[in-house]
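Novice: Below are the structure tokens for one structure; questions will follow.
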Amino acid sequence: MNFTRWSPRLPGTQRRAAARGTDHGISPAQRGEGSVPAARGEYGQQLEPLPDVPALEDFSAPEILGRLPALVALVYGTEHRIAYVNDAYAQAFGHRPAGSVAAEVCPELVELGLLPLMDQVLRSGKPRTVKSRRTQGGGSYTVTCLPAEWSGEHKDTEGVLVFAADVTDHAEAAERLRASERRHRETAVTLQRSLLPQELEQPDDLRFAATYLPGGTDAAVGGDWYDVITLGAGRTALVIGDVMGRGVRAAAVMGQLRTAVRAYARLDLPPHEVLQLLDGLAAEIDASQIATCVYAVHDPNEGRLVYASAGHLPILVRDEDGTVRRAAEPTGPPLGTGGWLHTSGMIDLPPGSTAVLYTDGLVERRREDIDEGMAALERALAGATGTPQVVCDRLIRSLGVTADHDDDVAVLVIQHPTRTGGDAELFHNAALDLLGGIEAAPRARAFASGVLASWRFSPELHDLGVLAASELVANSLQHGVPPMGLRLRRTDRRLIIEVTDGDDHLPRRRRAESEDEAGRGISIVATIASSWGSRRTPGGGKAVWCEFALPQ
């Protein structure tokens, strides 16, 4: 627009010009100024006045609309009769005769769902837009419907201008991106599930169930994991953890940590020492990744969980009467942060109780304090009864976890069942304190023989059990220090023999030469037993054990 032509009509323009002429005693004509100032070039030369700017009405609207690459259609009346379609529309969908009803001759409007939208535009007089709608022909369009009014003799007639942009290329690119994200997600989920236990180990004294649920389609897979590891002598390790982050990388780090936990568990170390080793390993795997973890060990002889936590949510235990307890401190920082000495804590797990280990996806919600989620979980656990799998499913339903959940969830439920009747007859314990001296070995043999006979084992298993107890006691008398003890334990699946003493040097199996007079005790035990092992005890000293599988 030629703003020079309109400048004299701007407020104050003439008054400012008159003021300048009065101040200097020079008329506007003498300065070459008039009501319309002359246009001057960069170096002061006078330019020709610009021609008049044409008005919008001077252009041919049908010609402009006809040349638009976008699809344009104009309909009128409540029946949406065709008034006009441009060349791009006719090329895309074919010619549409004027005056015909759009619902009858324009199937593309039906496929795009525009007829209800056009009704809304007529009623409200406001434009409406729909994005990336697909037709049966495969094309995708973003469509805007604008209210239109006729001028002239048809000024009371209302219509709708349909303006459609072909976004097929963008829609196909977006679909390829979504397909790629789905494949990436499926890969991560497959990797995640393949790294989790395919079947939980079921020790003699506990019952387990676990569930892993990936986040919804809009949430990338995380690094949640759980595990159950039998340690021998009836002891069981329980693990749950969460690698911060999303996608395949988090799942891969999770897999490495889970493998490391199983390896460290075989060393039968205290929980805080296992986390101490994991802390250093996590920093070596990926310094930018941190993870939370709880590692707990259940010993049936003690009836409790000994645990250590690295930044993870507390263990919950439901007693038989419905009371819910939280595992107290200590809780250290997440794995991978370094510079922290982890410590172990304890929580009772008596018969009839249920423990729950879980990740933050179960209790954490956006715009809610995590304490509210913890309180909701405690209420749900207080009323949860039945098998571990029933309890697990109930907790997930009660906390509102669905397929569209925004975070992945892992839950591990542990039950210590109460045994009564005939089932209780299959579980027995017997212990003997050994004072040392030459009478300790025959006393231990006599004790083991009497106990195994009362448990009505077969003669073969009886003799093997007495032999194993004799060798373990002899090894302890030769290499250990008081106090010493012998414990016999039977379950429905195995016989366990364990000897403790005050020395913390762990025995190892070695090959004895033909001329050696000693060194064959552990080899004999390893040969006749199903498995054997040793560990250091928390108060100092060690425990050496062996197991015999009972015939089914």
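For the structure tokens, the naming scheme is as follows: chains receive sequential letters (A, B, ...) according to their order of presentation, residues are indexed from 1 within each chain, and ligands are indexed from 1 in presentation order.
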Could you pull out the strand (DSSP E) residues of range 326-551 of chain A, going by DSSP on the backbone, and write them as an NGL selection string?
Specialist: :A and (326 or 331-332 or 345-348 or 353-358 or 409-416 or 428-434 or 484-490 or 494-501 or 531-536 or 542-549)
Novice: Which residues are near range 253-260 of chain A? Cut-off 12 Å, only C-alpha atoms, ignore same chain within fewer than 4 positions. Put them as a count of residues only.
Specialist: 57
Novice: I'd like the contact shell of Val121 in chain A - 10 Å cut-off, only C-alpha atoms, skipping same-chain residues fewer than 6 positions apart - returned as a list in words.
Specialist: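 With the cut-off at 10 Å, the set is Leu115, Pro127, Arg128, Cys145, Leu146, Pro147, Ala148, Gly159, Val160 and Leu161 of chain A.
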Novice: Report, in Å with one decimal, the straight-line distance from CA of Ser531 in chain A to CA of Pro507 in chain A.
Specialist: 14.5 Å
Novice: Can you pull out every residue from range 340-500 of chain A that DSSP, working from the backbone, puts in alpha helix (DSSP H), and format the result as a tab-separated table (two decimals) with all heavy atoms, in the first residue's frame?
Specialist:
```tsv
chain	number	residue	atom	x	y	z
A	370	ILE	N	3.83	-38.99	46.44
A	370	ILE	CA	4.06	-40.44	46.46
A	370	ILE	C	3.59	-41.07	47.77
A	370	ILE	O	3.24	-42.25	47.81
A	370	ILE	CB	5.56	-40.73	46.22
A	370	ILE	CG1	5.75	-42.22	45.88
A	370	ILE	CG2	6.40	-40.31	47.42
A	370	ILE	CD1	7.14	-42.55	45.41
A	371	ASP	N	3.50	-40.27	48.85
A	371	ASP	CA	2.99	-40.81	50.11
A	371	ASP	C	1.53	-41.23	49.97
A	371	ASP	O	1.08	-42.17	50.64
A	371	ASP	CB	3.13	-39.77	51.23
A	371	ASP	CG	4.59	-39.57	51.64
A	371	ASP	OD1	5.38	-40.50	51.40
A	371	ASP	OD2	4.92	-38.50	52.17
A	372	GLU	N	0.78	-40.55	49.11
A	372	GLU	CA	-0.61	-40.94	48.88
A	372	GLU	C	-0.66	-42.31	48.20
A	372	GLU	O	-1.50	-43.15	48.53
A	372	GLU	CB	-1.32	-39.90	48.01
A	372	GLU	CG	-1.42	-38.52	48.66
A	372	GLU	CD	-2.10	-37.53	47.76
A	372	GLU	OE1	-2.71	-37.95	46.74
A	372	GLU	OE2	-2.04	-36.32	48.04
A	373	GLY	N	0.24	-42.53	47.25
A	373	GLY	CA	0.30	-43.84	46.60
A	373	GLY	C	0.73	-44.93	47.57
A	373	GLY	O	0.20	-46.05	47.53
A	374	MET	N	1.68	-44.62	48.46
A	374	MET	CA	2.10	-45.60	49.46
A	374	MET	C	0.95	-45.95	50.41
A	374	MET	O	0.74	-47.12	50.75
A	374	MET	CB	3.29	-45.04	50.25
A	374	MET	CG	4.58	-44.94	49.47
A	374	MET	SD	5.24	-46.56	49.05
A	374	MET	CE	5.43	-47.29	50.66
A	375	ALA	N	0.20	-44.94	50.82
A	375	ALA	CA	-0.94	-45.19	51.71
A	375	ALA	C	-1.99	-46.04	51.01
A	375	ALA	O	-2.58	-46.94	51.61
A	375	ALA	CB	-1.54	-43.87	52.18
A	376	ALA	N	-2.23	-45.77	49.72
A	376	ALA	CA	-3.20	-46.57	48.97
A	376	ALA	C	-2.73	-48.02	48.84
A	376	ALA	O	-3.54	-48.96	48.93
A	376	ALA	CB	-3.42	-45.96	47.59
A	377	LEU	N	-1.42	-48.22	48.64
A	377	LEU	CA	-0.89	-49.58	48.56
A	377	LEU	C	-1.04	-50.32	49.89
A	377	LEU	O	-1.38	-51.51	49.92
A	377	LEU	CB	0.57	-49.54	48.11
A	377	LEU	CG	1.29	-50.88	48.03
A	377	LEU	CD1	0.59	-51.82	47.05
A	377	LEU	CD2	2.75	-50.69	47.63
A	378	GLU	N	-0.78	-49.64	50.99
A	378	GLU	CA	-0.93	-50.27	52.29
A	378	GLU	C	-2.38	-50.68	52.54
A	378	GLU	O	-2.64	-51.77	53.08
A	378	GLU	CB	-0.44	-49.33	53.39
A	378	GLU	CG	1.08	-49.13	53.38
A	378	GLU	CD	1.52	-48.20	54.49
A	378	GLU	OE1	0.64	-47.65	55.20
A	378	GLU	OE2	2.74	-48.01	54.66
A	379	ARG	N	-3.32	-49.81	52.16
A	379	ARG	CA	-4.74	-50.16	52.34
A	379	ARG	C	-5.11	-51.37	51.48
A	379	ARG	O	-5.85	-52.27	51.93
A	379	ARG	CB	-5.62	-48.97	51.99
A	379	ARG	CG	-5.54	-47.82	52.97
A	379	ARG	CD	-6.64	-46.82	52.73
A	379	ARG	NE	-6.55	-46.21	51.41
A	379	ARG	CZ	-5.88	-45.10	51.12
A	379	ARG	NH1	-5.21	-44.48	52.10
A	379	ARG	NH2	-5.85	-44.61	49.90
A	380	ALA	N	-4.62	-51.39	50.26
A	380	ALA	CA	-4.93	-52.52	49.38
A	380	ALA	C	-4.31	-53.81	49.90
A	380	ALA	O	-4.94	-54.88	49.86
A	380	ALA	CB	-4.43	-52.22	47.96
A	381	LEU	N	-3.07	-53.72	50.42
A	381	LEU	CA	-2.41	-54.92	50.94
A	381	LEU	C	-3.09	-55.43	52.20
A	381	LEU	O	-3.16	-56.64	52.43
A	381	LEU	CB	-0.93	-54.61	51.20
A	381	LEU	CG	-0.09	-55.77	51.76
A	381	LEU	CD1	-0.09	-56.95	50.80
A	381	LEU	CD2	1.35	-55.30	52.01
A	382	ALA	N	-3.60	-54.52	53.02
A	382	ALA	CA	-4.25	-54.94	54.26
A	382	ALA	C	-5.44	-55.85	54.00
A	382	ALA	O	-5.73	-56.75	54.80
A	382	ALA	CB	-4.69	-53.71	55.06
A	388	PRO	N	-0.26	-65.89	46.25
A	388	PRO	CA	0.56	-64.74	45.86
A	388	PRO	C	0.12	-64.10	44.54
A	388	PRO	O	0.15	-62.87	44.41
A	388	PRO	CB	1.97	-65.34	45.76
A	388	PRO	CG	1.96	-66.49	46.70
A	388	PRO	CD	0.57	-67.06	46.62
A	389	GLN	N	-0.29	-64.90	43.56
A	389	GLN	CA	-0.71	-64.32	42.29
A	389	GLN	C	-2.01	-63.53	42.44
A	389	GLN	O	-2.18	-62.46	41.84
A	389	GLN	CB	-0.90	-65.42	41.24
A	389	GLN	CG	-1.13	-64.89	39.83
A	389	GLN	CD	0.05	-64.05	39.34
A	389	GLN	OE1	1.18	-64.51	39.29
A	389	GLN	NE2	-0.23	-62.80	39.00
A	390	VAL	N	-2.93	-64.02	43.27
A	390	VAL	CA	-4.17	-63.29	43.54
A	390	VAL	C	-3.85	-61.95	44.21
A	390	VAL	O	-4.41	-60.90	43.85
A	390	VAL	CB	-5.12	-64.13	44.40
A	390	VAL	CG1	-6.30	-63.30	44.87
A	390	VAL	CG2	-5.61	-65.33	43.61
A	391	VAL	N	-2.95	-61.97	45.18
A	391	VAL	CA	-2.57	-60.74	45.86
A	391	VAL	C	-1.92	-59.77	44.88
A	391	VAL	O	-2.21	-58.56	44.87
A	391	VAL	CB	-1.61	-61.05	47.03
A	391	VAL	CG1	-1.06	-59.76	47.64
A	391	VAL	CG2	-2.32	-61.87	48.09
A	392	CYS	N	-1.06	-60.28	44.04
A	392	CYS	CA	-0.36	-59.44	43.06
A	392	CYS	C	-1.37	-58.76	42.13
A	392	CYS	O	-1.31	-57.54	41.89
A	392	CYS	CB	0.62	-60.31	42.27
A	392	CYS	SG	1.83	-59.40	41.32
A	393	ASP	N	-2.30	-59.54	41.59
A	393	ASP	CA	-3.31	-58.97	40.68
A	393	ASP	C	-4.19	-57.96	41.39
A	393	ASP	O	-4.55	-56.92	40.80
A	393	ASP	CB	-4.16	-60.09	40.09
A	393	ASP	CG	-3.36	-61.03	39.21
A	393	ASP	OD1	-2.28	-60.63	38.76
A	393	ASP	OD2	-3.82	-62.16	38.98
A	394	ARG	N	-4.53	-58.23	42.64
A	394	ARG	CA	-5.40	-57.31	43.36
A	394	ARG	C	-4.70	-55.98	43.62
A	394	ARG	O	-5.33	-54.92	43.53
A	394	ARG	CB	-5.84	-57.95	44.68
A	394	ARG	CG	-6.74	-57.04	45.50
A	394	ARG	CD	-7.38	-57.77	46.65
A	394	ARG	NE	-8.26	-56.89	47.41
A	394	ARG	CZ	-9.00	-57.27	48.44
A	394	ARG	NH1	-9.00	-58.54	48.79
A	394	ARG	NH2	-9.75	-56.41	49.09
A	395	LEU	N	-3.44	-56.02	43.96
A	395	LEU	CA	-2.70	-54.78	44.19
A	395	LEU	C	-2.64	-53.93	42.93
A	395	LEU	O	-2.81	-52.70	42.97
A	395	LEU	CB	-1.30	-55.09	44.70
A	395	LEU	CG	-1.19	-55.78	46.06
A	395	LEU	CD1	0.28	-56.00	46.41
A	395	LEU	CD2	-1.89	-54.97	47.14
A	396	ILE	N	-2.41	-54.56	41.81
A	396	ILE	CA	-2.32	-53.82	40.55
A	396	ILE	C	-3.67	-53.19	40.20
A	396	ILE	O	-3.74	-52.02	39.78
A	396	ILE	CB	-1.82	-54.75	39.43
A	396	ILE	CG1	-0.35	-55.09	39.66
A	396	ILE	CG2	-2.02	-54.11	38.06
A	396	ILE	CD1	0.21	-56.08	38.69
A	397	ARG	N	-4.75	-53.94	40.39
A	397	ARG	CA	-6.08	-53.37	40.12
A	397	ARG	C	-6.42	-52.24	41.10
A	397	ARG	O	-6.95	-51.20	40.70
A	397	ARG	CB	-7.14	-54.46	40.21
A	397	ARG	CG	-7.15	-55.44	39.06
A	397	ARG	CD	-8.45	-56.23	39.04
A	397	ARG	NE	-8.70	-56.89	40.31
A	397	ARG	CZ	-8.29	-58.11	40.61
A	397	ARG	NH1	-7.58	-58.81	39.73
A	397	ARG	NH2	-8.57	-58.66	41.79
A	398	SER	N	-6.11	-52.44	42.37
A	398	SER	CA	-6.45	-51.44	43.37
A	398	SER	C	-5.71	-50.14	43.16
A	398	SER	O	-6.24	-49.06	43.45
A	398	SER	CB	-6.15	-51.98	44.78
A	398	SER	OG	-6.89	-53.15	45.05
A	421	GLY	N	-1.42	-79.61	60.08
A	421	GLY	CA	-1.81	-80.96	59.72
A	421	GLY	C	-0.66	-81.76	59.13
A	421	GLY	O	0.50	-81.68	59.54
A	422	GLY	N	-1.00	-82.54	58.10
A	422	GLY	CA	0.00	-83.40	57.47
A	422	GLY	C	1.10	-82.62	56.79
A	422	GLY	O	2.25	-83.09	56.71
A	423	ASP	N	0.78	-81.43	56.30
A	423	ASP	CA	1.81	-80.61	55.66
A	423	ASP	C	2.89	-80.22	56.66
A	423	ASP	O	4.08	-80.17	56.35
A	423	ASP	CB	1.16	-79.37	55.05
A	423	ASP	CG	2.11	-78.62	54.13
A	423	ASP	OD1	3.04	-79.25	53.59
A	423	ASP	OD2	1.91	-77.41	53.95
A	424	ALA	N	2.48	-79.92	57.90
A	424	ALA	CA	3.45	-79.52	58.91
A	424	ALA	C	4.37	-80.67	59.29
A	424	ALA	O	5.51	-80.45	59.73
A	424	ALA	CB	2.72	-78.99	60.14
A	440	ALA	N	32.97	-85.02	70.55
A	440	ALA	CA	32.03	-84.25	69.74
A	440	ALA	C	31.62	-85.03	68.49
A	440	ALA	O	30.43	-85.05	68.13
A	440	ALA	CB	32.64	-82.91	69.35
A	441	ALA	N	32.57	-85.67	67.81
A	441	ALA	CA	32.25	-86.37	66.57
A	441	ALA	C	31.30	-87.54	66.80
A	441	ALA	O	30.27	-87.64	66.12
A	441	ALA	CB	33.54	-86.82	65.88
A	442	PRO	N	31.58	-88.45	67.75
A	442	PRO	CA	30.62	-89.54	67.97
A	442	PRO	C	29.27	-89.04	68.49
A	442	PRO	O	28.23	-89.62	68.16
A	442	PRO	CB	31.32	-90.44	68.99
A	442	PRO	CG	32.40	-89.63	69.58
A	442	PRO	CD	32.81	-88.64	68.56
A	443	ARG	N	29.28	-87.98	69.25
A	443	ARG	CA	28.01	-87.43	69.74
A	443	ARG	C	27.18	-86.88	68.58
A	443	ARG	O	25.96	-87.05	68.53
A	443	ARG	CB	28.29	-86.33	70.76
A	443	ARG	CG	27.05	-85.75	71.40
A	443	ARG	CD	27.42	-84.91	72.60
A	443	ARG	NE	26.24	-84.27	73.14
A	443	ARG	CZ	26.09	-82.96	73.28
A	443	ARG	NH1	27.07	-82.14	72.91
A	443	ARG	NH2	24.99	-82.45	73.81
A	444	ALA	N	27.86	-86.23	67.63
A	444	ALA	CA	27.16	-85.69	66.45
A	444	ALA	C	26.61	-86.82	65.60
A	444	ALA	O	25.48	-86.73	65.08
A	444	ALA	CB	28.11	-84.82	65.64
A	445	ARG	N	27.37	-87.91	65.43
A	445	ARG	CA	26.89	-89.05	64.64
A	445	ARG	C	25.67	-89.68	65.30
A	445	ARG	O	24.70	-90.03	64.63
A	445	ARG	CB	28.01	-90.07	64.45
A	445	ARG	CG	29.01	-89.69	63.40
A	445	ARG	CD	29.90	-90.87	63.03
A	445	ARG	NE	30.71	-91.31	64.17
A	445	ARG	CZ	31.93	-90.83	64.45
A	445	ARG	NH1	32.45	-89.90	63.66
A	445	ARG	NH2	32.60	-91.30	65.47
A	446	ALA	N	25.73	-89.85	66.60
A	446	ALA	CA	24.59	-90.45	67.30
A	446	ALA	C	23.36	-89.57	67.19
A	446	ALA	O	22.23	-90.06	66.98
A	446	ALA	CB	24.96	-90.70	68.76
A	447	PHE	N	23.55	-88.26	67.31
A	447	PHE	CA	22.41	-87.32	67.21
A	447	PHE	C	21.79	-87.37	65.81
A	447	PHE	O	20.56	-87.46	65.65
A	447	PHE	CB	22.89	-85.91	67.54
A	447	PHE	CG	21.85	-84.85	67.36
A	447	PHE	CD1	20.85	-84.68	68.31
A	447	PHE	CD2	21.84	-84.04	66.23
A	447	PHE	CE1	19.88	-83.69	68.15
A	447	PHE	CE2	20.89	-83.06	66.06
A	447	PHE	CZ	19.91	-82.88	67.01
A	448	ALA	N	22.65	-87.33	64.79
A	448	ALA	CA	22.16	-87.35	63.41
A	448	ALA	C	21.44	-88.67	63.12
A	448	ALA	O	20.38	-88.68	62.49
A	448	ALA	CB	23.32	-87.15	62.44
A	449	SER	N	21.99	-89.78	63.60
A	449	SER	CA	21.37	-91.09	63.34
A	449	SER	C	19.99	-91.16	63.98
A	449	SER	O	19.02	-91.63	63.36
A	449	SER	CB	22.27	-92.20	63.86
A	449	SER	OG	21.66	-93.46	63.65
A	450	GLY	N	19.86	-90.68	65.22
A	450	GLY	CA	18.58	-90.73	65.90
A	450	GLY	C	17.54	-89.84	65.25
A	450	GLY	O	16.37	-90.23	65.07
A	451	VAL	N	17.93	-88.64	64.87
A	451	VAL	CA	16.98	-87.70	64.24
A	451	VAL	C	16.52	-88.23	62.89
A	451	VAL	O	15.31	-88.23	62.58
A	451	VAL	CB	17.62	-86.31	64.10
A	451	VAL	CG1	16.75	-85.42	63.23
A	451	VAL	CG2	17.84	-85.68	65.46
A	452	LEU	N	17.45	-88.69	62.07
A	452	LEU	CA	17.07	-89.16	60.74
A	452	LEU	C	16.20	-90.41	60.82
A	452	LEU	O	15.31	-90.61	59.99
A	452	LEU	CB	18.33	-89.44	59.92
A	452	LEU	CG	19.20	-88.20	59.63
A	452	LEU	CD1	20.41	-88.60	58.78
A	452	LEU	CD2	18.42	-87.10	58.94
A	453	ALA	N	16.44	-91.24	61.83
A	453	ALA	CA	15.60	-92.41	62.01
A	453	ALA	C	14.19	-92.02	62.41
A	453	ALA	O	13.19	-92.61	61.96
A	453	ALA	CB	16.22	-93.35	63.06
A	454	SER	N	14.08	-90.98	63.28
A	454	SER	CA	12.74	-90.53	63.69
A	454	SER	C	11.98	-89.88	62.54
A	454	SER	O	10.75	-89.85	62.55
A	454	SER	CB	12.87	-89.55	64.86
A	454	SER	OG	13.49	-88.34	64.43
A	459	PRO	N	16.83	-96.34	54.59
A	459	PRO	CA	18.17	-96.68	55.13
A	459	PRO	C	19.30	-96.04	54.34
A	459	PRO	O	20.30	-95.61	54.93
A	459	PRO	CB	18.19	-98.21	55.03
A	459	PRO	CG	16.75	-98.62	55.08
A	459	PRO	CD	16.01	-97.54	54.35
A	460	GLU	N	19.15	-95.98	53.02
A	460	GLU	CA	20.24	-95.39	52.22
A	460	GLU	C	20.40	-93.91	52.54
A	460	GLU	O	21.53	-93.44	52.77
A	460	GLU	CB	19.94	-95.59	50.74
A	460	GLU	CG	21.01	-94.99	49.83
A	460	GLU	CD	20.66	-95.13	48.35
A	460	GLU	OE1	19.57	-95.67	48.04
A	460	GLU	OE2	21.47	-94.69	47.51
A	461	LEU	N	19.30	-93.16	52.56
A	461	LEU	CA	19.39	-91.73	52.86
A	461	LEU	C	19.82	-91.52	54.30
A	461	LEU	O	20.58	-90.57	54.60
A	461	LEU	CB	18.04	-91.06	52.58
A	461	LEU	CG	17.99	-89.55	52.79
A	461	LEU	CD1	19.04	-88.85	51.93
A	461	LEU	CD2	16.60	-89.00	52.49
A	462	HIS	N	19.38	-92.40	55.20
A	462	HIS	CA	19.82	-92.30	56.59
A	462	HIS	C	21.33	-92.42	56.69
A	462	HIS	O	21.99	-91.60	57.36
A	462	HIS	CB	19.13	-93.40	57.41
A	462	HIS	CG	19.61	-93.51	58.82
A	462	HIS	ND1	20.77	-94.20	59.16
A	462	HIS	CD2	19.13	-93.01	59.98
A	462	HIS	CE1	20.96	-94.13	60.45
A	462	HIS	NE2	19.97	-93.41	60.99
A	463	ASP	N	21.91	-93.41	56.05
A	463	ASP	CA	23.36	-93.62	56.14
A	463	ASP	C	24.13	-92.47	55.48
A	463	ASP	O	25.16	-92.03	56.01
A	463	ASP	CB	23.72	-94.94	55.47
A	463	ASP	CG	23.17	-96.14	56.22
A	463	ASP	OD1	22.79	-95.96	57.40
A	463	ASP	OD2	23.09	-97.24	55.63
A	464	LEU	N	23.63	-91.97	54.35
A	464	LEU	CA	24.30	-90.85	53.68
A	464	LEU	C	24.24	-89.60	54.55
A	464	LEU	O	25.22	-88.84	54.64
A	464	LEU	CB	23.67	-90.58	52.32
A	464	LEU	CG	23.90	-91.65	51.24
A	464	LEU	CD1	23.13	-91.30	49.97
A	464	LEU	CD2	25.39	-91.78	50.92
A	465	GLY	N	23.12	-89.36	55.19
A	465	GLY	CA	23.00	-88.20	56.05
A	465	GLY	C	23.94	-88.27	57.24
A	465	GLY	O	24.57	-87.27	57.61
A	466	VAL	N	24.05	-89.44	57.85
A	466	VAL	CA	24.96	-89.60	58.99
A	466	VAL	C	26.40	-89.40	58.54
A	466	VAL	O	27.20	-88.75	59.24
A	466	VAL	CB	24.76	-90.98	59.63
A	466	VAL	CG1	25.84	-91.25	60.69
A	466	VAL	CG2	23.38	-91.09	60.25
A	467	LEU	N	26.75	-89.92	57.37
A	467	LEU	CA	28.11	-89.76	56.87
A	467	LEU	C	28.43	-88.30	56.60
A	467	LEU	O	29.50	-87.81	56.96
A	467	LEU	CB	28.29	-90.59	55.59
A	467	LEU	CG	29.63	-90.43	54.86
A	467	LEU	CD1	30.80	-90.84	55.78
A	467	LEU	CD2	29.66	-91.26	53.57
A	468	ALA	N	27.50	-87.58	55.97
A	468	ALA	CA	27.74	-86.16	55.68
A	468	ALA	C	27.87	-85.36	56.96
A	468	ALA	O	28.76	-84.50	57.08
A	468	ALA	CB	26.59	-85.61	54.82
A	469	ALA	N	27.01	-85.61	57.96
A	469	ALA	CA	27.11	-84.89	59.22
A	469	ALA	C	28.44	-85.18	59.90
A	469	ALA	O	29.09	-84.27	60.45
A	469	ALA	CB	25.94	-85.28	60.12
A	470	SER	N	28.89	-86.42	59.85
A	470	SER	CA	30.16	-86.79	60.48
A	470	SER	C	31.32	-86.07	59.81
A	470	SER	O	32.22	-85.55	60.49
A	470	SER	CB	30.34	-88.30	60.40
A	470	SER	OG	31.61	-88.69	60.92
A	471	GLU	N	31.35	-86.01	58.49
A	471	GLU	CA	32.45	-85.36	57.78
A	471	GLU	C	32.45	-83.85	58.03
A	471	GLU	O	33.52	-83.24	58.20
A	471	GLU	CB	32.35	-85.65	56.29
A	471	GLU	CG	32.59	-87.10	55.90
A	471	GLU	CD	34.01	-87.54	56.20
A	471	GLU	OE1	34.91	-86.68	56.31
A	471	GLU	OE2	34.24	-88.76	56.35
A	472	LEU	N	31.28	-83.22	58.03
A	472	LEU	CA	31.23	-81.78	58.26
A	472	LEU	C	31.65	-81.44	59.68
A	472	LEU	O	32.38	-80.44	59.91
A	472	LEU	CB	29.82	-81.25	57.99
A	472	LEU	CG	29.35	-81.28	56.53
A	472	LEU	CD1	27.93	-80.74	56.43
A	472	LEU	CD2	30.28	-80.49	55.63
A	473	VAL	N	31.25	-82.25	60.66
A	473	VAL	CA	31.66	-81.99	62.04
A	473	VAL	C	33.16	-82.21	62.19
A	473	VAL	O	33.86	-81.43	62.86
A	473	VAL	CB	30.85	-82.89	63.00
A	473	VAL	CG1	31.46	-82.84	64.41
A	473	VAL	CG2	29.39	-82.45	63.03
A	474	ALA	N	33.68	-83.27	61.57
A	474	ALA	CA	35.12	-83.52	61.66
A	474	ALA	C	35.91	-82.38	61.03
A	474	ALA	O	36.96	-81.96	61.56
A	474	ALA	CB	35.45	-84.84	60.95
A	475	ASN	N	35.44	-81.84	59.91
A	475	ASN	CA	36.12	-80.71	59.27
A	475	ASN	C	36.09	-79.49	60.18
A	475	ASN	O	37.08	-78.75	60.29
A	475	ASN	CB	35.43	-80.41	57.94
A	475	ASN	CG	36.14	-79.30	57.17
A	475	ASN	OD1	37.15	-79.52	56.52
A	475	ASN	ND2	35.59	-78.09	57.26
A	476	SER	N	34.96	-79.25	60.85
A	476	SER	CA	34.86	-78.11	61.75
A	476	SER	C	35.75	-78.28	62.97
A	476	SER	O	36.39	-77.33	63.44
A	476	SER	CB	33.40	-77.93	62.17
A	476	SER	OG	33.26	-76.84	63.07
A	477	LEU	N	35.82	-79.50	63.50
A	477	LEU	CA	36.68	-79.75	64.66
A	477	LEU	C	38.15	-79.55	64.32
A	477	LEU	O	38.93	-79.08	65.16
A	477	LEU	CB	36.45	-81.17	65.18
A	477	LEU	CG	35.09	-81.44	65.85
A	477	LEU	CD1	34.94	-82.92	66.14
A	477	LEU	CD2	34.98	-80.62	67.14
A	478	GLN	N	38.53	-79.88	63.08
A	478	GLN	CA	39.94	-79.79	62.70
A	478	GLN	C	40.35	-78.37	62.33
A	478	GLN	O	41.45	-77.93	62.67
A	478	GLN	CB	40.22	-80.73	61.54
A	478	GLN	CG	41.69	-80.74	61.12
A	478	GLN	CD	41.98	-81.79	60.06
A	478	GLN	OE1	41.09	-82.56	59.67
A	478	GLN	NE2	43.22	-81.86	59.62
A	479	HIS	N	39.44	-77.65	61.64
A	479	HIS	CA	39.84	-76.35	61.10
A	479	HIS	C	39.11	-75.17	61.76
A	479	HIS	O	39.51	-74.02	61.54
A	479	HIS	CB	39.56	-76.30	59.59
A	479	HIS	CG	40.27	-77.36	58.83
A	479	HIS	ND1	41.62	-77.34	58.59
A	479	HIS	CD2	39.80	-78.50	58.23
A	479	HIS	CE1	41.97	-78.39	57.87
A	479	HIS	NE2	40.88	-79.13	57.65
```
Novice: Which residues come within 12 Å of Ala237 in chain A, counting only C-alpha atoms, excluding same-chain residues fewer than 6 positions away, as a ChimeraX atom specification?
Specialist: /A:200-203,206,208,226-231,261-271,274,294-300,304-308,414
Novice: Determine the nearest neighbour of Thr190 in chain A from the options A:Pro107, A:Pro314, A:Gly386, A:Pro214, counting only C-alpha atoms.
Specialist: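 Smallest distance to Thr190 in chain A is found for A:Pro214.
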